[in-house]
Amino acid sequence: IADGSFNREKDAEVSGTGWIVYCKNTGRKIQGSFYEESKAASSYRGELLGMCCLLLLASALEEFFEVDAWTGQISCDNESALYQATRGLKRIKPGSSCADLLRSIRSTGIRLQGRLIGAHVDSHMDKYLLWHQLTFQQQLNVLCDQLAKGAVSRAIMDRMRRRGKRRKGLQVLPREDVALFSHGEKLTSDIAKTVRYS
């Protein structure tokens, strides 16, 4: 399960994500969070970062443990991001929002030997129900939401330490074969307009 976070008021150039992988057989879990600094930051991008992360993690585990037939569930509270992560596209339209993430998701997804089944989970149900009234998936979503918000807060603190400057360097995604940068900024969707005016 993964969740994304974005806070335009605090920093409009940061997308955060939190993710948890839980094993129903052992009851063990691993979790993490990270953020991305980009002018294309949005809550949708945060959700897609989480989906991208889970697919990459599944691919790494599959390769390391040499597992070729498995089934798992991938969950998210954003139906569009979940749909993008499980639909198996052959081609990504250049003008698609977050096309770079969609290409990374596609490249990772087509290499998987196992099968991930998408499951939508209702978001922010902890506002309406007590913890023990939430389903297990909703509880995990609440934890992912906290991880994602923590990642955004961490990004803001990091930027304060850097005196407001953005992180330098050209950031690419795992399995992103090609990336285009203009004036030090990665182009995440349709490149035509930027290239034309550059």
# chains A, B, ... in the order shown; residues from 1 in each chain; ligands from 1
>>> closest_atom_pairs(of="range 37-116 of chain A", to="range 121-145 of chain A", cutoff="9 Å", atoms="only C-alpha atoms", output="tab-separated table")
residue	atom	partner	partner_atom	distance
A:Ser75	CA	A:Val121	CA	6.5
A:Cys76	CA	A:Val121	CA	5.9
A:Asp77	CA	A:Val121	CA	4.9
A:Asn78	CA	A:Val121	CA	8.1
A:Glu79	CA	A:Val121	CA	8.7
>>> residues_around(residues="range 80-96 of chain A", least_positions_apart="3", cutoff="9 Å", atoms="only C-alpha atoms", output="ChimeraX atom specification")
/A:44-45,47-48,51-52,55,74-77,99-100,102-103,105-106,109-110,116-120,188-192
>>> atom_distance(atom1="CA of Met157 in chain A", atom2="CA of Val21 in chain A")
26.8 Å
>>> select_by_dssp(residues="chain A", states="alpha helix (DSSP H)", output="PyMOL selection string")
chain A and resi 43-65+79-86+99-109+136-161+192-197
>>> residues_around(residues="Ala151 in chain A", least_positions_apart="2", cutoff="12 Å", atoms="only C-alpha atoms", output="number ranges by chain")
A: 3-7, 14-19, 32-37, 46, 50, 144-149, 153-158
>>> write_last_selection(atoms="N, CA and C atoms", output="JSON list (two decimals), in the first residue's frame")
[["chain", "number", "residue", "atom", "x", "y", "z"],
["A", 3, "ASP", "N", 0.79, 5.84, -0.29],
["A", 3, "ASP", "CA", 0.01, 7.07, -0.27],
["A", 3, "ASP", "C", 0.93, 8.23, -0.57],
["A", 4, "GLY", "N", 0.39, 9.27, -1.18],
["A", 4, "GLY", "CA", 1.16, 10.45, -1.53],
["A", 4, "GLY", "C", 0.71, 11.65, -0.75],
["A", 5, "SER", "N", 1.58, 12.67, -0.70],
["A", 5, "SER", "CA", 1.25, 13.89, 0.01],
["A", 5, "SER", "C", 1.82, 15.09, -0.74],
["A", 6, "PHE", "N", 1.12, 16.21, -0.62],
["A", 6, "PHE", "CA", 1.53, 17.45, -1.26],
["A", 6, "PHE", "C", 0.92, 18.59, -0.47],
["A", 7, "ASN", "N", 1.70, 19.62, -0.19],
["A", 7, "ASN", "CA", 1.19, 20.76, 0.57],
["A", 7, "ASN", "C", 1.61, 22.04, -0.13],
["A", 14, "VAL", "N", 7.30, 20.12, -3.75],
["A", 14, "VAL", "CA", 7.63, 18.85, -3.09],
["A", 14, "VAL", "C", 6.45, 17.89, -3.14],
["A", 15, "SER", "N", 6.72, 16.69, -3.61],
["A", 15, "SER", "CA", 5.76, 15.58, -3.53],
["A", 15, "SER", "C", 6.37, 14.55, -2.59],
["A", 16, "GLY", "N", 5.58, 14.05, -1.66],
["A", 16, "GLY", "CA", 6.07, 13.03, -0.74],
["A", 16, "GLY", "C", 5.26, 11.75, -0.90],
["A", 17, "THR", "N", 5.87, 10.64, -0.55],
["A", 17, "THR", "CA", 5.15, 9.37, -0.58],
["A", 17, "THR", "C", 5.58, 8.50, 0.59],
["A", 18, "GLY", "N", 4.64, 7.69, 1.05],
["A", 18, "GLY", "CA", 4.91, 6.71, 2.09],
["A", 18, "GLY", "C", 4.40, 5.37, 1.61],
["A", 19, "TRP", "N", 5.09, 4.29, 1.96],
["A", 19, "TRP", "CA", 4.69, 2.97, 1.49],
["A", 19, "TRP", "C", 4.93, 1.93, 2.57],
["A", 32, "GLY", "N", 8.62, 2.69, 4.35],
["A", 32, "GLY", "CA", 9.56, 3.76, 4.05],
["A", 32, "GLY", "C", 8.84, 4.97, 3.50],
["A", 33, "SER", "N", 9.59, 6.02, 3.31],
["A", 33, "SER", "CA", 9.04, 7.25, 2.73],
["A", 33, "SER", "C", 10.16, 8.02, 2.07],
["A", 34, "PHE", "N", 9.81, 8.85, 1.13],
["A", 34, "PHE", "CA", 10.79, 9.73, 0.49],
["A", 34, "PHE", "C", 10.04, 10.88, -0.16],
["A", 35, "TYR", "N", 10.81, 11.83, -0.65],
["A", 35, "TYR", "CA", 10.20, 12.98, -1.32],
["A", 35, "TYR", "C", 10.96, 13.28, -2.60],
["A", 36, "GLU", "N", 10.30, 14.03, -3.46],
["A", 36, "GLU", "CA", 10.90, 14.48, -4.71],
["A", 36, "GLU", "C", 10.68, 15.98, -4.81],
["A", 37, "GLU", "N", 11.72, 16.70, -5.20],
["A", 37, "GLU", "CA", 11.60, 18.13, -5.45],
["A", 37, "GLU", "C", 11.46, 18.34, -6.95],
["A", 46, "GLY", "N", 2.70, 12.49, -6.09],
["A", 46, "GLY", "CA", 3.06, 11.77, -4.87],
["A", 46, "GLY", "C", 2.48, 10.37, -4.85],
["A", 50, "GLY", "N", 4.56, 6.61, -5.13],
["A", 50, "GLY", "CA", 4.35, 5.43, -4.28],
["A", 50, "GLY", "C", 4.11, 4.17, -5.07],
["A", 144, "CYS", "N", 0.44, 5.05, 6.03],
["A", 144, "CYS", "CA", 1.11, 5.54, 4.81],
["A", 144, "CYS", "C", 0.95, 7.04, 4.67],
["A", 145, "ASP", "N", -0.23, 7.54, 4.98],
["A", 145, "ASP", "CA", -0.49, 8.98, 4.91],
["A", 145, "ASP", "C", 0.44, 9.72, 5.87],
["A", 146, "GLN", "N", 0.63, 9.19, 7.06],
["A", 146, "GLN", "CA", 1.54, 9.81, 8.03],
["A", 146, "GLN", "C", 2.98, 9.79, 7.53],
["A", 147, "LEU", "N", 3.38, 8.67, 6.91],
["A", 147, "LEU", "CA", 4.73, 8.57, 6.35],
["A", 147, "LEU", "C", 4.93, 9.61, 5.23],
["A", 148, "ALA", "N", 3.92, 9.74, 4.36],
["A", 148, "ALA", "CA", 4.02, 10.68, 3.23],
["A", 148, "ALA", "C", 4.09, 12.12, 3.72],
["A", 149, "LYS", "N", 3.26, 12.46, 4.69],
["A", 149, "LYS", "CA", 3.29, 13.81, 5.25],
["A", 149, "LYS", "C", 4.61, 14.08, 5.95],
["A", 153, "SER", "N", 7.36, 17.08, 5.24],
["A", 153, "SER", "CA", 7.92, 17.90, 6.33],
["A", 153, "SER", "C", 9.44, 17.82, 6.34],
["A", 154, "ARG", "N", 9.98, 16.63, 6.10],
["A", 154, "ARG", "CA", 11.42, 16.44, 6.03],
["A", 154, "ARG", "C", 12.03, 17.26, 4.88],
["A", 155, "ALA", "N", 11.34, 17.29, 3.74],
["A", 155, "ALA", "CA", 11.80, 18.07, 2.59],
["A", 155, "ALA", "C", 11.85, 19.55, 2.92],
["A", 156, "ILE", "N", 10.82, 20.03, 3.60],
["A", 156, "ILE", "CA", 10.76, 21.44, 3.97],
["A", 156, "ILE", "C", 11.90, 21.78, 4.93],
["A", 157, "MET", "N", 12.15, 20.92, 5.90],
["A", 157, "MET", "CA", 13.26, 21.14, 6.84],
["A", 157, "MET", "C", 14.60, 21.10, 6.11],
["A", 158, "ASP", "N", 14.76, 20.17, 5.19],
["A", 158, "ASP", "CA", 16.00, 20.08, 4.41],
["A", 158, "ASP", "C", 16.22, 21.36, 3.62]]
>>> closest_residue(among="A:Tyr197, A:Ser42, A:Ser97, A:Thr108", to="Leu57 in chain A", atoms="only C-alpha atoms")
A:Thr108
>>> atom_distance(atom1="CA of Val178 in chain A", atom2="CA of Glu62 in chain A")
24.5 Å
